[in-house]
Every structure is written in C-alpha cells, then in structure tokens.
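Q: Below is structure-v9.cif; it holds mmCIF, N, CA and C atoms and all ligand atoms.
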```cif
data_coords
loop_
_atom_site.label_atom_id
_atom_site.label_comp_id
_atom_site.auth_asym_id
_atom_site.auth_seq_id
_atom_site.Cartn_x
_atom_site.Cartn_y
_atom_site.Cartn_z
N MET P 1 -13.85 -11.19 7.02
CA MET P 1 -13.81 -10.94 5.58
C MET P 1 -13.73 -9.44 5.30
N ARG P 2 -12.94 -9.10 4.32
CA ARG P 2 -12.81 -7.69 3.94
C ARG P 2 -14.10 -7.18 3.33
N GLY P 3 -14.40 -5.94 3.63
CA GLY P 3 -15.63 -5.33 3.12
C GLY P 3 -15.63 -5.19 1.62
N ASP P 4 -14.45 -5.06 1.00
CA ASP P 4 -14.45 -4.79 -0.43
C ASP P 4 -14.94 -5.98 -1.26
N ALA P 5 -14.76 -7.21 -0.73
CA ALA P 5 -15.26 -8.37 -1.47
C ALA P 5 -16.78 -8.31 -1.55
N ILE P 6 -17.40 -8.04 -0.43
CA ILE P 6 -18.86 -7.97 -0.41
C ILE P 6 -19.35 -6.78 -1.24
N TYR P 7 -18.57 -5.71 -1.25
CA TYR P 7 -18.98 -4.56 -2.03
C TYR P 7 -18.97 -4.85 -3.53
N ARG P 8 -18.03 -5.70 -3.95
CA ARG P 8 -17.99 -6.10 -5.36
C ARG P 8 -19.33 -6.71 -5.77
N TYR P 9 -19.89 -7.49 -4.88
CA TYR P 9 -21.18 -8.13 -5.16
C TYR P 9 -22.33 -7.13 -5.06
N LEU P 10 -22.22 -6.22 -4.12
CA LEU P 10 -23.26 -5.20 -4.00
C LEU P 10 -23.26 -4.33 -5.25
N ARG P 11 -22.08 -4.00 -5.71
CA ARG P 11 -21.93 -3.17 -6.92
C ARG P 11 -22.54 -3.89 -8.12
N CYS P 12 -22.28 -5.18 -8.22
CA CYS P 12 -22.82 -6.00 -9.30
C CYS P 12 -24.35 -6.05 -9.21
N ALA P 13 -24.85 -6.22 -7.99
CA ALA P 13 -26.31 -6.24 -7.77
C ALA P 13 -26.90 -4.90 -8.21
N TYR P 14 -26.18 -3.82 -7.93
CA TYR P 14 -26.63 -2.48 -8.29
C TYR P 14 -26.67 -2.31 -9.82
N ASP P 15 -25.65 -2.82 -10.49
CA ASP P 15 -25.62 -2.77 -11.97
C ASP P 15 -26.81 -3.54 -12.55
N LEU P 16 -27.06 -4.72 -12.01
CA LEU P 16 -28.20 -5.53 -12.49
C LEU P 16 -29.51 -4.77 -12.23
N HIS P 17 -29.58 -4.17 -11.05
CA HIS P 17 -30.75 -3.37 -10.67
C HIS P 17 -30.98 -2.24 -11.67
N LEU P 18 -29.90 -1.53 -12.04
CA LEU P 18 -30.02 -0.41 -12.98
C LEU P 18 -30.51 -0.88 -14.35
N ARG P 19 -30.12 -2.11 -14.69
CA ARG P 19 -30.54 -2.65 -15.99
C ARG P 19 -31.92 -3.33 -15.91
N GLY P 20 -32.51 -3.28 -14.72
CA GLY P 20 -33.83 -3.86 -14.54
C GLY P 20 -33.84 -5.37 -14.54
N GLU P 21 -32.69 -5.97 -14.21
CA GLU P 21 -32.60 -7.43 -14.21
C GLU P 21 -32.66 -7.98 -12.79
N TYR P 22 -33.14 -9.21 -12.68
CA TYR P 22 -33.16 -9.86 -11.37
C TYR P 22 -31.76 -10.24 -10.93
N ILE P 23 -31.58 -10.23 -9.62
CA ILE P 23 -30.31 -10.62 -9.04
C ILE P 23 -30.44 -12.09 -8.65
N THR P 24 -29.69 -12.94 -9.31
CA THR P 24 -29.73 -14.37 -9.03
C THR P 24 -28.29 -14.88 -8.96
N PRO P 25 -28.09 -16.07 -8.35
CA PRO P 25 -26.73 -16.63 -8.35
C PRO P 25 -26.19 -16.77 -9.77
N LYS P 26 -27.09 -17.11 -10.69
CA LYS P 26 -26.68 -17.29 -12.09
C LYS P 26 -26.22 -15.97 -12.73
N SER P 27 -27.05 -14.91 -12.58
CA SER P 27 -26.69 -13.63 -13.22
C SER P 27 -25.45 -13.02 -12.58
N MET P 28 -25.32 -13.16 -11.26
CA MET P 28 -24.14 -12.63 -10.57
C MET P 28 -22.88 -13.39 -10.95
N ALA P 29 -23.00 -14.72 -11.00
CA ALA P 29 -21.85 -15.56 -11.34
C ALA P 29 -21.34 -15.21 -12.74
N LYS P 30 -22.27 -14.96 -13.63
CA LYS P 30 -21.91 -14.61 -15.00
C LYS P 30 -21.23 -13.25 -15.06
N GLU P 31 -21.79 -12.28 -14.38
CA GLU P 31 -21.24 -10.92 -14.37
C GLU P 31 -19.83 -10.88 -13.79
N LEU P 32 -19.65 -11.61 -12.70
CA LEU P 32 -18.39 -11.50 -11.96
C LEU P 32 -17.41 -12.63 -12.28
N ASN P 33 -17.85 -13.53 -13.17
CA ASN P 33 -16.99 -14.63 -13.56
C ASN P 33 -16.55 -15.48 -12.36
N VAL P 34 -17.52 -15.83 -11.54
CA VAL P 34 -17.26 -16.71 -10.39
C VAL P 34 -18.23 -17.90 -10.48
N LYS P 35 -18.03 -18.88 -9.60
CA LYS P 35 -18.94 -20.02 -9.60
C LYS P 35 -20.25 -19.65 -8.90
N ARG P 36 -21.31 -20.33 -9.31
CA ARG P 36 -22.63 -20.02 -8.75
C ARG P 36 -22.72 -20.15 -7.22
N PRO P 37 -22.14 -21.21 -6.64
CA PRO P 37 -22.21 -21.31 -5.17
C PRO P 37 -21.54 -20.12 -4.48
N THR P 38 -20.46 -19.61 -5.08
CA THR P 38 -19.79 -18.44 -4.51
C THR P 38 -20.71 -17.23 -4.58
N ALA P 39 -21.33 -17.05 -5.73
CA ALA P 39 -22.26 -15.93 -5.89
C ALA P 39 -23.42 -16.05 -4.89
N PHE P 40 -23.90 -17.26 -4.71
CA PHE P 40 -25.02 -17.48 -3.78
C PHE P 40 -24.61 -17.15 -2.34
N GLU P 41 -23.40 -17.54 -1.99
CA GLU P 41 -22.87 -17.26 -0.65
C GLU P 41 -22.89 -15.75 -0.37
N PHE P 42 -22.49 -14.97 -1.36
CA PHE P 42 -22.47 -13.51 -1.19
C PHE P 42 -23.88 -12.92 -1.22
N ILE P 43 -24.75 -13.52 -2.00
CA ILE P 43 -26.14 -13.07 -2.02
C ILE P 43 -26.74 -13.23 -0.61
N LYS P 44 -26.43 -14.35 0.05
CA LYS P 44 -26.93 -14.57 1.41
C LYS P 44 -26.37 -13.52 2.38
N LYS P 45 -25.09 -13.19 2.20
CA LYS P 45 -24.47 -12.17 3.06
C LYS P 45 -25.13 -10.81 2.85
N LEU P 46 -25.41 -10.48 1.60
CA LEU P 46 -26.06 -9.20 1.30
C LEU P 46 -27.48 -9.17 1.85
N GLU P 47 -28.12 -10.33 1.81
CA GLU P 47 -29.48 -10.45 2.36
C GLU P 47 -29.45 -10.25 3.87
N GLU P 48 -28.46 -10.88 4.52
CA GLU P 48 -28.31 -10.75 5.98
C GLU P 48 -28.12 -9.29 6.40
N ARG P 49 -27.43 -8.53 5.57
CA ARG P 49 -27.19 -7.13 5.90
C ARG P 49 -28.37 -6.22 5.55
N GLY P 50 -29.38 -6.82 4.96
CA GLY P 50 -30.57 -6.04 4.62
C GLY P 50 -30.46 -5.32 3.28
N TYR P 51 -29.50 -5.71 2.46
CA TYR P 51 -29.32 -5.05 1.17
C TYR P 51 -30.13 -5.72 0.06
N LEU P 52 -30.43 -7.00 0.24
CA LEU P 52 -31.20 -7.73 -0.77
C LEU P 52 -32.42 -8.36 -0.14
N LEU P 53 -33.43 -8.51 -0.97
CA LEU P 53 -34.68 -9.12 -0.53
C LEU P 53 -35.08 -10.19 -1.53
N ARG P 54 -35.50 -11.35 -1.01
CA ARG P 54 -35.95 -12.44 -1.88
C ARG P 54 -37.26 -12.05 -2.54
N ASP P 55 -37.32 -12.27 -3.84
CA ASP P 55 -38.54 -11.97 -4.59
C ASP P 55 -38.82 -13.17 -5.48
N GLU P 56 -39.93 -13.16 -6.18
CA GLU P 56 -40.31 -14.33 -6.98
C GLU P 56 -39.25 -14.78 -7.98
N GLY P 57 -38.78 -13.85 -8.80
CA GLY P 57 -37.84 -14.22 -9.86
C GLY P 57 -36.38 -14.23 -9.46
N GLY P 58 -36.09 -13.88 -8.21
CA GLY P 58 -34.70 -13.82 -7.75
C GLY P 58 -34.62 -12.90 -6.55
N TYR P 59 -33.61 -12.05 -6.53
CA TYR P 59 -33.49 -11.09 -5.42
C TYR P 59 -33.58 -9.68 -6.00
N ILE P 60 -34.03 -8.75 -5.16
CA ILE P 60 -34.03 -7.34 -5.55
C ILE P 60 -33.29 -6.54 -4.49
N LEU P 61 -32.77 -5.39 -4.89
CA LEU P 61 -32.08 -4.52 -3.95
C LEU P 61 -33.11 -3.80 -3.08
N THR P 62 -32.82 -3.68 -1.80
CA THR P 62 -33.67 -2.89 -0.91
C THR P 62 -33.23 -1.42 -1.03
N ASN P 63 -34.00 -0.51 -0.46
CA ASN P 63 -33.58 0.90 -0.45
C ASN P 63 -32.24 1.07 0.24
N LEU P 64 -32.04 0.30 1.31
CA LEU P 64 -30.77 0.35 2.04
C LEU P 64 -29.62 -0.11 1.14
N GLY P 65 -29.86 -1.16 0.37
CA GLY P 65 -28.86 -1.67 -0.56
C GLY P 65 -28.50 -0.65 -1.63
N ILE P 66 -29.52 0.02 -2.15
CA ILE P 66 -29.30 1.04 -3.18
C ILE P 66 -28.50 2.20 -2.59
N GLN P 67 -28.90 2.61 -1.38
CA GLN P 67 -28.22 3.71 -0.69
C GLN P 67 -26.74 3.41 -0.46
N GLU P 68 -26.47 2.20 0.00
CA GLU P 68 -25.10 1.81 0.30
C GLU P 68 -24.27 1.71 -0.99
N ALA P 69 -24.84 1.14 -2.02
CA ALA P 69 -24.13 1.03 -3.30
C ALA P 69 -23.79 2.42 -3.83
N GLU P 70 -24.75 3.34 -3.73
CA GLU P 70 -24.52 4.69 -4.24
C GLU P 70 -23.53 5.47 -3.38
N ARG P 71 -23.55 5.20 -2.08
CA ARG P 71 -22.61 5.87 -1.19
C ARG P 71 -21.17 5.52 -1.56
N VAL P 72 -20.92 4.22 -1.74
CA VAL P 72 -19.56 3.78 -2.05
C VAL P 72 -19.16 4.20 -3.47
N LEU P 73 -20.13 4.19 -4.37
CA LEU P 73 -19.87 4.63 -5.74
C LEU P 73 -19.49 6.11 -5.76
N ARG P 74 -20.20 6.87 -4.94
CA ARG P 74 -19.91 8.30 -4.81
C ARG P 74 -18.49 8.50 -4.27
N ASN P 75 -18.14 7.74 -3.22
CA ASN P 75 -16.79 7.81 -2.67
C ASN P 75 -15.76 7.53 -3.76
N HIS P 76 -15.99 6.43 -4.48
CA HIS P 76 -15.07 6.02 -5.53
C HIS P 76 -14.86 7.14 -6.54
N ARG P 77 -15.95 7.68 -7.04
CA ARG P 77 -15.84 8.65 -8.13
C ARG P 77 -15.25 9.99 -7.69
N LEU P 78 -15.48 10.37 -6.44
CA LEU P 78 -14.89 11.62 -5.95
C LEU P 78 -13.40 11.46 -5.71
N ILE P 79 -13.00 10.32 -5.13
CA ILE P 79 -11.57 10.09 -4.87
C ILE P 79 -10.83 10.04 -6.21
N GLU P 80 -11.43 9.34 -7.16
CA GLU P 80 -10.79 9.18 -8.47
C GLU P 80 -10.68 10.52 -9.20
N THR P 81 -11.69 11.35 -9.06
CA THR P 81 -11.64 12.68 -9.68
C THR P 81 -10.53 13.52 -9.06
N LEU P 82 -10.41 13.44 -7.74
CA LEU P 82 -9.36 14.19 -7.03
C LEU P 82 -7.98 13.77 -7.53
N LEU P 83 -7.74 12.47 -7.57
CA LEU P 83 -6.43 11.96 -7.98
C LEU P 83 -6.14 12.30 -9.44
N TYR P 84 -7.14 12.15 -10.27
CA TYR P 84 -6.98 12.41 -11.70
C TYR P 84 -6.65 13.89 -11.95
N ARG P 85 -7.36 14.75 -11.25
CA ARG P 85 -7.10 16.19 -11.42
C ARG P 85 -5.72 16.58 -10.91
N ALA P 86 -5.19 15.77 -9.97
CA ALA P 86 -3.86 16.04 -9.44
C ALA P 86 -2.77 15.48 -10.36
N GLY P 87 -3.18 14.81 -11.44
CA GLY P 87 -2.20 14.32 -12.41
C GLY P 87 -1.98 12.82 -12.43
N VAL P 88 -2.65 12.09 -11.55
CA VAL P 88 -2.54 10.63 -11.54
C VAL P 88 -3.28 10.10 -12.79
N SER P 89 -2.72 9.05 -13.43
CA SER P 89 -3.38 8.51 -14.62
C SER P 89 -4.76 7.97 -14.23
N LEU P 90 -5.66 7.93 -15.19
CA LEU P 90 -7.03 7.49 -14.90
C LEU P 90 -7.07 6.06 -14.36
N ASP P 91 -6.29 5.16 -14.96
CA ASP P 91 -6.26 3.78 -14.49
C ASP P 91 -5.80 3.68 -13.04
N ASP P 92 -4.72 4.41 -12.73
CA ASP P 92 -4.21 4.37 -11.36
C ASP P 92 -5.18 5.04 -10.39
N ALA P 93 -5.77 6.14 -10.82
CA ALA P 93 -6.73 6.85 -9.96
C ALA P 93 -7.89 5.92 -9.61
N CYS P 94 -8.36 5.17 -10.60
CA CYS P 94 -9.49 4.26 -10.42
C CYS P 94 -9.09 3.13 -9.45
N LEU P 95 -7.90 2.58 -9.67
CA LEU P 95 -7.41 1.48 -8.84
C LEU P 95 -7.23 1.93 -7.38
N LEU P 96 -6.62 3.09 -7.21
CA LEU P 96 -6.40 3.61 -5.85
C LEU P 96 -7.73 3.93 -5.17
N ALA P 97 -8.66 4.49 -5.92
CA ALA P 97 -9.98 4.80 -5.37
C ALA P 97 -10.66 3.53 -4.86
N SER P 98 -10.50 2.43 -5.60
CA SER P 98 -11.11 1.16 -5.19
C SER P 98 -10.57 0.68 -3.85
N LYS P 99 -9.33 1.06 -3.56
CA LYS P 99 -8.71 0.59 -2.32
C LYS P 99 -9.17 1.33 -1.08
N ILE P 100 -9.63 2.57 -1.24
CA ILE P 100 -10.03 3.32 -0.04
C ILE P 100 -11.51 3.71 -0.03
N GLU P 101 -12.23 3.41 -1.09
CA GLU P 101 -13.64 3.83 -1.20
C GLU P 101 -14.50 3.34 -0.04
N MET P 102 -14.14 2.17 0.54
CA MET P 102 -14.91 1.60 1.64
C MET P 102 -14.52 2.20 2.98
N ASP P 103 -13.30 2.73 3.07
CA ASP P 103 -12.75 3.12 4.37
C ASP P 103 -12.83 4.61 4.66
N ILE P 104 -12.98 5.41 3.63
CA ILE P 104 -12.96 6.86 3.82
C ILE P 104 -14.19 7.33 4.60
N ALA P 105 -13.96 8.28 5.50
CA ALA P 105 -15.07 8.81 6.32
C ALA P 105 -15.95 9.73 5.47
N ASP P 106 -17.25 9.72 5.75
CA ASP P 106 -18.20 10.56 5.00
C ASP P 106 -17.78 12.03 5.00
N ILE P 107 -17.30 12.49 6.14
CA ILE P 107 -16.93 13.91 6.25
C ILE P 107 -15.76 14.24 5.33
N ASP P 108 -14.84 13.29 5.17
CA ASP P 108 -13.71 13.52 4.27
C ASP P 108 -14.14 13.51 2.81
N VAL P 109 -15.11 12.66 2.51
CA VAL P 109 -15.65 12.64 1.14
C VAL P 109 -16.29 13.99 0.83
N GLU P 110 -17.00 14.54 1.81
CA GLU P 110 -17.64 15.84 1.60
C GLU P 110 -16.60 16.94 1.44
N ARG P 111 -15.49 16.82 2.17
CA ARG P 111 -14.41 17.80 2.03
C ARG P 111 -13.86 17.76 0.60
N ILE P 112 -13.64 16.54 0.11
CA ILE P 112 -13.12 16.36 -1.25
C ILE P 112 -14.11 16.94 -2.26
N CYS P 113 -15.38 16.67 -2.03
CA CYS P 113 -16.44 17.14 -2.92
C CYS P 113 -16.44 18.67 -3.01
N GLU P 114 -16.34 19.31 -1.85
CA GLU P 114 -16.29 20.78 -1.79
C GLU P 114 -15.06 21.31 -2.52
N TYR P 115 -13.94 20.68 -2.22
CA TYR P 115 -12.65 21.09 -2.79
C TYR P 115 -12.68 21.03 -4.31
N LEU P 116 -13.37 20.01 -4.83
CA LEU P 116 -13.44 19.83 -6.29
C LEU P 116 -14.52 20.70 -6.93
N GLY P 117 -15.29 21.41 -6.09
CA GLY P 117 -16.35 22.25 -6.63
C GLY P 117 -17.60 21.47 -6.98
N ASN P 118 -17.90 20.46 -6.17
CA ASN P 118 -19.11 19.63 -6.35
C ASN P 118 -19.29 19.10 -7.78
N PRO P 119 -18.33 18.30 -8.24
CA PRO P 119 -18.44 17.77 -9.61
C PRO P 119 -19.63 16.82 -9.75
N THR P 120 -20.19 16.74 -10.94
CA THR P 120 -21.34 15.86 -11.15
C THR P 120 -20.98 14.60 -11.91
N SER P 121 -19.75 14.57 -12.51
CA SER P 121 -19.33 13.33 -13.15
C SER P 121 -17.85 13.07 -12.89
N CYS P 122 -17.48 11.79 -12.98
CA CYS P 122 -16.10 11.37 -12.74
C CYS P 122 -15.31 11.46 -14.05
N PRO P 123 -13.99 11.24 -14.01
CA PRO P 123 -13.20 11.34 -15.26
C PRO P 123 -13.60 10.31 -16.33
N HIS P 124 -14.30 9.23 -15.90
CA HIS P 124 -14.80 8.27 -16.89
C HIS P 124 -16.06 8.82 -17.58
N GLY P 125 -16.57 9.95 -17.05
CA GLY P 125 -17.81 10.51 -17.59
C GLY P 125 -19.06 9.93 -16.95
N LYS P 126 -18.87 9.15 -15.86
CA LYS P 126 -20.02 8.55 -15.17
C LYS P 126 -20.54 9.53 -14.11
N PRO P 127 -21.86 9.53 -13.90
CA PRO P 127 -22.41 10.46 -12.90
C PRO P 127 -21.97 10.14 -11.48
N ILE P 128 -21.77 11.17 -10.69
CA ILE P 128 -21.42 10.99 -9.27
C ILE P 128 -22.73 11.10 -8.48
N PRO P 129 -23.13 10.02 -7.81
CA PRO P 129 -24.37 10.10 -7.02
C PRO P 129 -24.27 11.20 -5.97
N ARG P 130 -25.37 11.86 -5.71
CA ARG P 130 -25.37 12.94 -4.71
C ARG P 130 -25.36 12.35 -3.31
N GLY P 131 -24.78 13.12 -2.37
CA GLY P 131 -24.74 12.66 -0.98
C GLY P 131 -26.11 12.76 -0.33
N GLU P 132 -26.43 11.77 0.51
CA GLU P 132 -27.74 11.74 1.17
C GLU P 132 -27.85 12.83 2.25
N LYS P 133 -26.88 12.78 3.16
CA LYS P 133 -26.98 13.61 4.35
C LYS P 133 -26.61 15.06 4.10
N PHE P 134 -25.93 15.29 2.98
CA PHE P 134 -25.39 16.62 2.77
C PHE P 134 -26.07 17.33 1.60
N GLU P 135 -27.25 16.87 1.31
CA GLU P 135 -28.04 17.48 0.22
C GLU P 135 -28.11 18.99 0.45
N ARG P 136 -27.86 19.74 -0.63
CA ARG P 136 -27.77 21.20 -0.44
C ARG P 136 -29.05 21.95 -0.79
N ASN P 137 -29.91 21.30 -1.53
CA ASN P 137 -31.18 22.01 -1.79
C ASN P 137 -32.36 21.05 -1.80
ZN ZN P 201 -13.22 4.16 -11.33
#
```
What does this structure look like when you write it as structure tokens?
Ligand SMILES: [Zn+2]
A:
Amino acid sequence: MRGDAIYRYLRCAYDLHLRGEYITPKSMAKELNVKRPTAFEFIKKLEERGYLLRDEGGYILTNLGIQEAERVLRNHRLIETLLYRAGVSLDDACLLASKIEMDIADIDVERICEYLGNPTSCPHGKPIPRGEKFERN
C-alpha cells in the first residue's frame, strides 16, 4: 500500500487532535467521506505503527503520531512555498507538494527551508511546523 493513503488518515487524525476531538471510525469516516469499515481499517494500521492509542472515548494520537503528522505537514508546506515562490499557481503547488511530501529526504527539506529563509507560514497562510532534528535554538 502506498504511504500517502495512510498519511491521509494520519493527517485527518491530526486535524481531529488539534480540534480536541476523539479519533473514531465515525469521526474519520465523516471527515474523509469514506465508509466506517474503511476508516476503521486505517485506524488499525495507524495503531500498528504506534501513531494511535486506544482510549476510552476512541483513539488518541501518540507523540510519535503527532511528530510524524507534523513532519509530513512541514514537508508539504515547504515544498509548496518553494513552488509557489517560483511562480507555480497555489493549487498546482499544493497538488505537487502532496505527491512528494512523503518521499522527500529530511536533508532536502532542510535545504529548501534554508533556501527560502526559514519561512514560518505557507502560501495558504498556515504555520509551518518546525523541524525536530534541526532546531536552531
Ligand atoms: Zn497545500
């Protein structure tokens, strides 16, 4: 299975987490417009990878899950900023970023970040999560 499918669910779990909501097959299915058994299947996969933990009211993101969601989000927003600044339309920049956000090496993301002058938000105006390993202060 391609990593980007599972990332779609991790991203959704992260959004629910940010809103302080429980991660359940029902809430995920609603967010992503899929059937509940499909959402549950992905919840199990995320749990297997250590990204989700079963809790009383549903599932919650683990620190590892939060870290991974933010890492890929950071990749996405830096790639999209690079493309947008180079003249690519925002829609295309976002779409292209989605295609490589999972595959780009951390070192290349840091190169892009440096090149762009360490931006703090993407062209959508959303914050760019800071890198874990390359924290500067
Ligand atoms: Zn985007």
Q: Go through chain P residue by residue and, counting only N, CA and C atoms and all ligand atoms, keep those with an atom at most 8 Å from ligand ZN 201 (chain P); for each kept residue give the shortest atom pair and its distance in Å to one decimal, ordered by chain and increasing number, as JSON lines.
A:
```
{"residue": "P:His76", "atom": "C", "partner": "P:ZN201", "partner_atom": "ZN", "distance": 5.9}
{"residue": "P:Arg77", "atom": "CA", "partner": "P:ZN201", "partner_atom": "ZN", "distance": 6.1}
{"residue": "P:Glu80", "atom": "CA", "partner": "P:ZN201", "partner_atom": "ZN", "distance": 6.3}
{"residue": "P:Thr81", "atom": "N", "partner": "P:ZN201", "partner_atom": "ZN", "distance": 7.7}
{"residue": "P:Leu90", "atom": "C", "partner": "P:ZN201", "partner_atom": "ZN", "distance": 7.1}
{"residue": "P:Asp91", "atom": "C", "partner": "P:ZN201", "partner_atom": "ZN", "distance": 7.6}
{"residue": "P:Ala93", "atom": "C", "partner": "P:ZN201", "partner_atom": "ZN", "distance": 5.9}
{"residue": "P:Cys94", "atom": "CA", "partner": "P:ZN201", "partner_atom": "ZN", "distance": 3.8}
{"residue": "P:Leu95", "atom": "N", "partner": "P:ZN201", "partner_atom": "ZN", "distance": 5.8}
{"residue": "P:Leu96", "atom": "N", "partner": "P:ZN201", "partner_atom": "ZN", "distance": 7.9}
{"residue": "P:Ala97", "atom": "CA", "partner": "P:ZN201", "partner_atom": "ZN", "distance": 6.8}
{"residue": "P:Ser98", "atom": "N", "partner": "P:ZN201", "partner_atom": "ZN", "distance": 6.6}
{"residue": "P:Cys122", "atom": "CA", "partner": "P:ZN201", "partner_atom": "ZN", "distance": 7.9}
{"residue": "P:Pro123", "atom": "N", "partner": "P:ZN201", "partner_atom": "ZN", "distance": 7.6}
{"residue": "P:His124", "atom": "N", "partner": "P:ZN201", "partner_atom": "ZN", "distance": 6.9}
```
Q: Work out how far apart atom CA of Thr24 of chain P and atom CA of Gly58 of chain P are and give it in Å to one decimal.
A: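 Atom CA of Gly58 of chain P lies 5.2 Å from atom CA of Thr24 of chain P.
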Q: Can you measure atom CA of Glu110 of chain P to atom CA of Asp92 of chain P for me? One decimal in Å is fine.
A: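 Those two atoms sit 21.9 Å apart.
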Q: Determine, counting only C-alpha atoms, which protein, DNA and RNA residues have an atom within 6 Å of an atom of segment 60-75 of chain P; residues of the same chain fewer than 5 positions away are not included. Present the result as a list in words.
A: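 After dropping sequence-adjacent residues, the list is Arg11, Tyr51, Leu52, Leu53, Glu101, Ile128 and Pro129 of chain P.
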Q: Could you state the separation of atom N of Lys26 of chain P and atom N of Lys99 of chain P in Å, given to one decimal place?
A: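 Going from atom N of Lys26 of chain P over to atom N of Lys99 of chain P covers 26.4 Å.
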Q: For the strand (DSSP E) assignment from backbone DSSP, which residues of segment 1-136 of chain P qualify? Please present them as a ChimeraX atom specification.
A: /P:52-55,58-61
Q: Which residues in chain P does DSSP call alpha helix (DSSP H)? List them as a ChimeraX atom specification.
A: /P:3-18,25-32,36-48,63-85,90-100,106-115
Q: Just checking: using all atoms listed in the file, which residue out of P:Gly87, P:Leu82, P:Phe42, P:Glu56 ends up closest to Ala5 of chain P?
A: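 Using all atoms listed in the file, Ala5 of chain P sits closest to P:Phe42.
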Q: Once 6 Å is added on each side, what are the centre and the three edge lengths, in Å to one decimal, of the axis-aligned box enclosing the listed atoms of segment 24-32 of chain P? Present them as AutoDock Vina command-line options.
A:
```
--center_x -23.6 --center_y -14.1 --center_z -11.7 --size_x 24.3 --size_y 18.4 --size_z 18.7
```
